[in-house]
Every structure is written in C-alpha cells, then in structure tokens.
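J.: Data: query16.txt, compact mmCIF, C-alpha atoms.
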```
# COMPACT_ATOMS: atom_id res chain seq x y z
CA MET A 1 -8.12 26.84 3.92
CA ASN A 2 -6.15 25.12 1.21
CA VAL A 3 -5.49 21.57 2.49
CA LEU A 4 -3.23 18.97 0.89
CA ILE A 5 -3.75 15.37 1.96
CA ILE A 6 -1.15 12.71 1.23
CA GLY A 7 -3.28 9.56 1.02
CA GLY A 8 -6.89 9.68 2.13
CA THR A 9 -8.66 7.40 -0.33
CA ARG A 10 -9.23 4.44 1.99
CA PHE A 11 -9.86 3.35 5.60
CA PHE A 12 -10.05 6.29 8.04
CA GLY A 13 -8.79 8.67 5.38
CA ILE A 14 -12.31 8.61 3.93
CA PRO A 15 -14.16 10.08 6.95
CA MET A 16 -11.25 12.50 7.41
CA VAL A 17 -11.53 13.92 3.90
CA ARG A 18 -15.32 13.95 4.08
CA ARG A 19 -15.29 16.03 7.27
CA ILE A 20 -12.70 18.47 5.95
CA LEU A 21 -14.86 19.04 2.87
CA GLU A 22 -17.96 19.49 5.02
CA ASN A 23 -16.07 22.15 6.97
CA GLY A 24 -15.69 24.14 3.77
CA HIS A 25 -12.00 23.72 2.96
CA ASP A 26 -10.41 23.32 -0.47
CA VAL A 27 -8.89 19.85 -0.65
CA THR A 28 -6.18 18.35 -2.82
CA ILE A 29 -5.52 14.62 -2.50
CA ALA A 30 -2.15 13.26 -3.58
CA THR A 31 -1.87 9.49 -4.07
CA ARG A 32 -0.08 6.91 -6.19
CA GLY A 33 -3.36 6.31 -8.00
CA ASN A 34 -3.77 2.73 -6.79
CA TYR A 35 -7.21 3.40 -5.32
CA SER A 36 -10.13 5.30 -6.82
CA ASN A 37 -11.00 8.81 -5.73
CA ILE A 38 -14.51 8.42 -4.32
CA PHE A 39 -14.81 12.18 -3.82
CA ASN A 40 -14.71 12.86 -7.58
CA LYS A 41 -14.74 16.56 -8.44
CA LYS A 42 -15.16 17.66 -4.82
CA VAL A 43 -11.38 17.43 -4.52
CA ARG A 44 -8.39 18.02 -6.74
CA HIS A 45 -6.60 14.70 -7.22
CA VAL A 46 -2.94 14.54 -8.20
CA ILE A 47 -0.90 11.40 -8.84
CA MET A 48 2.62 11.19 -7.45
CA ASP A 49 5.13 8.88 -5.81
CA LYS A 50 5.53 10.38 -2.36
CA THR A 51 8.89 8.65 -1.87
CA ASN A 52 10.35 10.36 -4.96
CA GLY A 53 11.23 14.02 -4.55
CA ASN A 54 11.04 14.82 -8.26
CA SER A 55 7.60 13.22 -8.50
CA VAL A 56 6.39 15.32 -5.57
CA LYS A 57 7.82 18.52 -7.03
CA ASN A 58 6.34 17.90 -10.48
CA ALA A 59 2.91 17.05 -9.06
CA LEU A 60 2.57 19.91 -6.58
CA GLY A 61 4.54 22.71 -8.20
CA SER A 62 4.94 25.95 -6.28
CA GLU A 63 1.48 26.11 -4.69
CA ILE A 64 1.43 27.06 -1.01
CA TYR A 65 -0.85 25.00 1.25
CA ASP A 66 -2.24 26.18 4.56
CA VAL A 67 -2.16 22.63 5.91
CA VAL A 68 -0.57 19.39 4.74
CA ILE A 69 -1.85 16.14 6.24
CA ASP A 70 0.61 13.30 5.69
CA LYS A 71 -0.98 9.88 6.21
CA VAL A 72 1.88 7.89 4.72
CA ALA A 73 4.97 8.92 6.71
CA TYR A 74 6.80 5.68 7.52
CA SER A 75 10.42 6.81 7.57
CA SER A 76 12.69 9.84 7.64
CA ASN A 77 13.21 9.68 3.86
CA ASP A 78 9.42 9.63 3.34
CA VAL A 79 9.25 12.97 5.12
CA LYS A 80 12.31 14.38 3.39
CA SER A 81 11.03 13.68 -0.12
CA LEU A 82 7.78 15.47 0.72
CA LEU A 83 8.85 18.46 2.81
CA GLU A 84 11.79 19.33 0.56
CA ASN A 85 9.32 19.76 -2.28
CA VAL A 86 6.11 21.22 -0.86
CA CYS A 87 5.35 24.64 0.59
CA CYS A 88 3.07 24.62 3.62
CA LYS A 89 2.32 26.69 6.69
CA ARG A 90 1.37 23.73 8.88
CA TYR A 91 2.08 20.01 8.77
CA ILE A 92 -0.01 17.26 10.40
CA GLN A 93 1.65 13.85 10.38
CA MET A 94 -0.11 10.54 10.98
CA SER A 95 2.28 9.04 13.50
CA SER A 96 1.55 6.14 15.86
CA CYS A 97 1.45 5.17 19.53
CA ALA A 98 4.08 2.62 18.49
CA VAL A 99 6.67 5.38 19.04
CA TYR A 100 6.42 4.80 22.80
CA THR A 101 8.93 2.34 24.20
CA SER A 102 7.11 1.43 27.43
CA GLU A 103 3.71 -0.11 28.12
CA HIS A 104 1.42 1.04 30.92
CA LEU A 105 -1.89 2.78 31.45
CA LEU A 106 -2.31 6.42 30.37
CA ILE A 107 0.90 6.90 28.41
CA ASN A 108 1.49 10.62 27.97
CA GLU A 109 2.81 12.37 24.84
CA SER A 110 5.94 13.49 26.71
CA GLU A 111 7.12 9.87 26.96
CA PHE A 112 8.53 10.11 23.46
CA ASN A 113 10.30 13.42 22.85
CA THR A 114 10.62 13.86 19.09
CA LYS A 115 13.40 16.43 19.07
CA ASN A 116 15.63 14.35 21.35
CA HIS A 117 15.53 11.27 19.14
CA LYS A 118 18.67 10.64 17.07
CA LEU A 119 17.92 11.25 13.39
CA ILE A 120 18.90 8.58 10.89
CA TRP A 121 18.06 9.09 7.23
CA MET A 122 16.48 5.84 6.12
CA ASP A 123 13.93 4.31 3.80
CA ARG A 124 11.01 2.39 5.30
CA PRO A 125 12.49 -0.10 7.78
CA THR A 126 11.11 -3.45 8.89
CA ASP A 127 10.86 -1.93 12.38
CA TYR A 128 7.57 -0.03 12.04
CA ALA A 129 7.92 1.77 15.38
CA GLU A 130 11.41 3.10 14.63
CA GLY A 131 10.27 4.19 11.19
CA LYS A 132 7.55 6.27 12.81
CA ARG A 133 10.00 7.79 15.31
CA GLN A 134 12.30 8.73 12.45
CA ALA A 135 9.41 10.23 10.47
CA GLU A 136 8.57 12.52 13.39
CA ARG A 137 12.20 13.49 13.96
CA ALA A 138 12.88 14.20 10.29
CA THR A 139 10.01 16.69 10.22
CA LEU A 140 11.94 19.02 12.52
CA GLU A 141 14.68 19.35 9.90
CA PHE A 142 12.19 21.22 7.71
CA MET A 143 9.55 22.70 10.03
CA ASP A 144 9.51 24.45 13.39
CA MET A 145 7.84 22.44 16.15
CA ASN A 146 5.08 25.03 16.43
CA GLN A 147 4.14 24.27 12.81
CA CYS A 148 3.87 20.51 13.32
CA VAL A 149 1.38 18.07 14.79
CA PHE A 150 2.17 14.39 15.32
CA VAL A 151 -1.04 12.41 15.73
CA ARG A 152 -0.46 9.21 17.70
CA TYR A 153 -3.09 6.49 17.49
CA PRO A 154 -3.12 2.88 18.67
CA VAL A 155 -4.60 0.20 16.38
CA VAL A 156 -7.50 1.55 14.30
CA MET A 157 -10.55 -0.68 13.81
CA GLY A 158 -13.50 -0.42 11.46
CA LYS A 159 -15.45 -1.95 8.60
CA ASN A 160 -12.91 -0.65 6.09
CA ASP A 161 -9.83 -2.02 7.89
CA TYR A 162 -7.83 -3.66 5.12
CA THR A 163 -5.47 -5.32 7.63
CA ASN A 164 -8.30 -7.68 8.71
CA ARG A 165 -6.85 -7.96 12.21
CA LEU A 166 -10.21 -8.06 13.99
CA ARG A 167 -11.58 -10.38 11.32
CA PHE A 168 -8.78 -12.81 12.17
CA TYR A 169 -10.62 -13.68 15.39
CA MET A 170 -13.98 -14.01 13.67
CA LYS A 171 -12.59 -16.17 10.89
CA HIS A 172 -10.78 -18.52 13.24
CA ILE A 173 -13.66 -18.92 15.65
CA CYS A 174 -16.38 -19.33 13.01
CA ASN A 175 -14.28 -21.80 10.98
CA HIS A 176 -12.98 -23.79 13.97
CA MET A 177 -9.39 -22.81 13.22
CA PRO A 178 -6.90 -22.93 16.13
CA MET A 179 -5.19 -19.69 17.13
CA TYR A 180 -2.43 -18.78 19.54
CA ILE A 181 -2.99 -15.84 21.90
CA ASP A 182 -0.24 -14.92 24.37
CA ASN A 183 -2.11 -12.15 26.19
CA LEU A 184 -5.66 -13.42 26.67
CA GLU A 185 -6.38 -11.40 29.83
CA ILE A 186 -4.35 -8.25 29.04
CA GLY A 187 -6.41 -5.27 27.90
CA THR A 188 -5.41 -2.45 25.59
CA CYS A 189 -7.12 0.43 23.82
CA TYR A 190 -8.12 1.04 20.21
CA ILE A 191 -9.75 3.75 18.13
CA ASN A 192 -12.52 3.35 15.57
CA GLU A 193 -12.03 4.51 12.00
CA LEU A 194 -14.71 7.22 12.11
CA GLU A 195 -13.18 9.04 15.08
CA ALA A 196 -9.66 8.43 13.78
CA GLY A 197 -10.56 10.31 10.61
CA GLU A 198 -12.72 12.99 12.15
CA PHE A 199 -10.20 13.88 14.85
CA MET A 200 -7.55 14.56 12.21
CA ALA A 201 -10.05 16.76 10.39
CA TYR A 202 -10.76 18.52 13.69
CA LEU A 203 -7.07 19.32 14.09
CA VAL A 204 -7.03 21.25 10.81
CA GLU A 205 -8.81 24.11 12.57
CA CYS A 206 -7.01 23.86 15.93
CA SER A 207 -4.03 25.95 16.92
CA ILE A 208 -2.14 23.08 18.49
CA SER A 209 1.36 21.74 17.91
CA GLY A 210 3.56 18.84 18.91
CA ALA A 211 2.49 15.29 19.65
CA ILE A 212 -1.12 14.43 20.48
CA ASN A 213 -2.67 11.10 21.45
CA GLY A 214 -6.05 9.90 20.27
CA CYS A 215 -7.88 6.75 21.36
CA SER A 216 -11.20 5.48 22.64
CA LYS A 217 -11.82 5.51 26.37
CA GLY A 218 -11.31 2.25 28.19
CA ILE A 219 -9.50 -0.96 27.34
CA ILE A 220 -10.57 -4.39 26.13
CA SER A 221 -8.83 -7.76 26.27
CA PRO A 222 -8.67 -10.50 23.64
CA LYS A 223 -10.73 -12.65 26.00
CA GLU A 224 -13.58 -10.11 25.94
CA ILE A 225 -13.47 -9.94 22.15
CA ILE A 226 -13.42 -13.73 21.83
CA THR A 227 -16.23 -14.21 24.34
CA HIS A 228 -18.46 -11.79 22.44
CA ILE A 229 -17.77 -13.53 19.12
CA GLU A 230 -18.48 -16.91 20.71
CA ASN A 231 -21.78 -15.69 22.14
CA LYS A 232 -22.93 -14.11 18.87
CA SER A 233 -21.79 -16.92 16.58
CA GLY A 234 -22.56 -19.91 18.74
CA LYS A 235 -19.05 -21.21 17.94
CA LYS A 236 -16.23 -21.97 20.38
CA ALA A 237 -12.71 -20.61 20.01
CA ILE A 238 -9.91 -23.16 19.69
CA LEU A 239 -6.87 -21.85 21.55
CA SER A 240 -3.59 -23.66 20.98
CA LYS A 241 0.12 -22.87 21.12
CA ASN A 242 0.32 -24.52 17.70
CA GLY A 243 -2.39 -22.28 16.25
CA ASP A 244 -2.03 -19.22 14.04
CA SER A 245 -0.52 -16.33 15.99
CA ALA A 246 -3.14 -13.66 16.74
CA PRO A 247 -2.48 -10.12 15.46
CA TYR A 248 -2.69 -8.38 18.84
CA ASN A 249 -0.09 -10.58 20.54
CA GLY A 250 2.91 -9.05 22.23
CA LEU A 251 1.51 -6.95 25.08
CA LYS A 252 3.04 -7.58 28.49
CA VAL A 253 0.85 -5.26 30.60
CA GLU A 254 -2.42 -3.36 30.23
CA THR A 255 -1.86 -0.31 28.05
CA SER A 256 -3.74 2.89 27.26
CA PHE A 257 -2.97 6.46 26.24
CA ASP A 258 -3.61 9.79 27.93
CA CYS A 259 -5.91 11.97 25.77
CA THR A 260 -5.99 14.99 28.08
CA LYS A 261 -4.37 17.17 25.40
CA ALA A 262 -7.03 16.24 22.83
CA GLU A 263 -9.78 16.87 25.38
CA SER A 264 -8.32 20.31 26.13
CA LEU A 265 -9.18 21.18 22.51
CA GLY A 266 -12.80 20.23 23.11
CA TYR A 267 -12.66 16.80 21.47
CA VAL A 268 -13.90 13.88 23.57
CA PHE A 269 -13.41 10.33 22.34
CA THR A 270 -16.15 7.75 22.83
CA ASP A 271 -15.93 4.71 25.08
CA ILE A 272 -14.64 1.59 23.35
CA SER A 273 -17.69 -0.39 24.48
CA SER A 274 -19.96 1.98 22.55
CA TRP A 275 -18.69 0.74 19.16
CA ILE A 276 -16.49 -2.36 19.25
CA PHE A 277 -19.25 -4.89 19.95
CA GLU A 278 -21.49 -3.29 17.35
CA LEU A 279 -18.61 -3.54 14.87
CA ILE A 280 -18.17 -7.24 15.64
CA ASN A 281 -21.90 -7.83 15.27
CA SER A 282 -21.98 -6.12 11.88
CA GLU A 283 -19.08 -8.25 10.65
CA LEU A 284 -20.74 -11.46 11.80
CA LEU A 285 -24.02 -10.76 9.97
```
Since I need it in another form, could you write the structure as structure tokens?
T.:
Amino acid sequence: MNVLIIGGTRFFGIPMVRRILENGHDVTIATRGNYSNIFNKKVRHVIMDKTNGNSVKNALGSEIYDVVIDKVAYSSNDVKSLLENVCCKRYIQMSSCAVYTSEHLLINESEFNTKNHKLIWMDRPTDYAEGKRQAERATLEFMDMNQCVFVRYPVVMGKNDYTNRLRFYMKHICNHMPMYIDNLEIGTCYINELEAGEFMAYLVECSISGAINGCSKGIISPKEIITHIENKSGKKAILSKNGDSAPYNGLKVETSFDCTKAESLGYVFTDISSWIFELINSELL
C-alpha cells in the first residue's frame, strides 16, 4: 500500500514507520523538516507546513494514498488544512485518551462519541483535550466514519520521550529536589513507545474504523514508580507541597482503558510491569 505519514521522525513515530516498512509498504513522510529523516532513502520525505493548506497541496500534489496516518492532529483546523488537500482512501488519526471526560477503570471507546461532539473550527487551543476532540470531529466533515480510525492512547513512555515526564521523578529524587504529588496512591495506565508505534502500524492492515483504545495492561501509581527509583538509586524522594508539581498530577480516581476492540483484531498489549521498571532502570544507569 501507499502510506502517507504526517510526522513520524521521532518518539513512537520511529518504531511505527520501521514496522510499516518491514511490512512491505511504500512510505512517504511529511514533516516540517525540523528533525532528520533517519530512514533515508527507504522513504520519500516531503517538507510542508501541515497547518497551511497551500503548503500541503504543493507538497503532496494529486497523488492518491491508500492510508494517511496523521500524528499531528491537535485541532479542527489542523485536520481541515490536511484533508482538504490530500486524497486518501483511509485516514488514521493519532488522537488521545484525553478526549474522555470521566475517570474510572476500563473506559470504553463509546464514552466519547465523535460525531455527536459540537464542531468548532479552531487553531490549536491551550486545552489539549478539547483540541483532540475537535480534531476527531473535524475529520467527519471530510471522510465517512468507515474510512477513519481514531487511535486513543494514554501517556506514552519510552527512552525517546522528549517530554521527560518520567525523568522528572528520577531527576528530583537523584538530585534531592522536592516535588509535589497530589495523587501518590492513585494508579493509572500508560503505553510504551514501541507498542504505541507498532500498534498504529498494525492498524494499517486492519479493516477497522472508528475510535480504538490502546494501552498496557494494568495500572501503576506514582508511589510505585517513586519506590522503585528510590530502591535502585539509593536516594530518598523529598515530597513537599512547596515542591515542583509532578507531571502526572490531576487524577482523582484510578483510571484505565478498555482494549477489547484492539484485542478483537488479534493485538494484545503487554503488562505495564513487563517494561516500566526496566525503562526506569535503563534511565538510571
């Protein structure tokens, strides 16, 4: 298949592109050119500003793609500038579990209904979650639902995570820096960068549509993360209301996401305990 990927040159985009190439597909990567193309001549690389319709049209021309994977859809106007100017048979959007408005265990895809959300044409808002809801909703102005997939992940972790959210804990503990955590005992789920990328690649060959959750099995609390770092580093965390606010603050109850739909396709996510402690260990070395 002829696959166009918007983004894909860093973080979990790298294992995604690698797997799509290994599966024998022709890949075009479209980016702003801010990061190097590590795949070299294995892919076609075009430079464009995804938020500018004319830039998209000039970069992509009239070529028809079997699948478009959009990793940088943060608002309704992001989607509009792309889908008004690209021809594709199927569209896979990197959405987010942030679209859900309630917190509890095993949140199902039906808890945010894309087509029922009020569409507002907007640039990227400060409200990340609403931007993602609008990105999903805007898609339906250009594509039928049976042509679209909205991939919803929680926080992605890995060695290439440029947000450094997990490293926040390591840095503060190892350097005796105080931090404020408001949800020490409350667990939530995550997904590692390898599976985050490879599941999106898996979806290229699946006849599935609509929203789909993806996350590791099980939940983990900040306390468990901190305890492991303390044990491996020999340092003690300093917890204080006057400390730097931790990046995973804000949860009120334990939260996870139902991946039954993904499993029905034959994809089974690993348990969080099978990778998160190994990731911490590798970062502490």
J.: Rounded to one decimal place, report the atom CA of Asn2 of chain A-atom CA of Gly214 of chain A distance in Å.
T.: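 For atom CA of Asn2 of chain A relative to atom CA of Gly214 of chain A, the distance reads 24.4 Å.
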J.: Contacts of Glu205 of chain A at 12 Å or less, counting all atoms listed in the file, minus same-chain residues fewer than 4 places along, as number ranges by chain?
T.: A: 1-3, 19-20, 23-25, 66-67, 90, 92, 198-201, 209, 265-266
J.: Please measure the separation of atom CA of Gly243 of chain A and atom CA of Asn183 of chain A, giving the value in Å to one decimal.
T.: 14.2 Å
J.: Of the candidates A:His228, A:Leu21, A:Ser62, A:Lys252, which one gets nearest to Lys42 of chain A if we count only C-alpha atoms?
T.: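 Once distances to Lys42 of chain A are computed over only C-alpha atoms, the minimum belongs to A:Leu21.
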J.: Considering only C-alpha atoms, can you say which of A:Ser76, A:Pro154, A:Lys232, A:Ser274 comes closest to His117 of chain A?
T.: A:Ser76
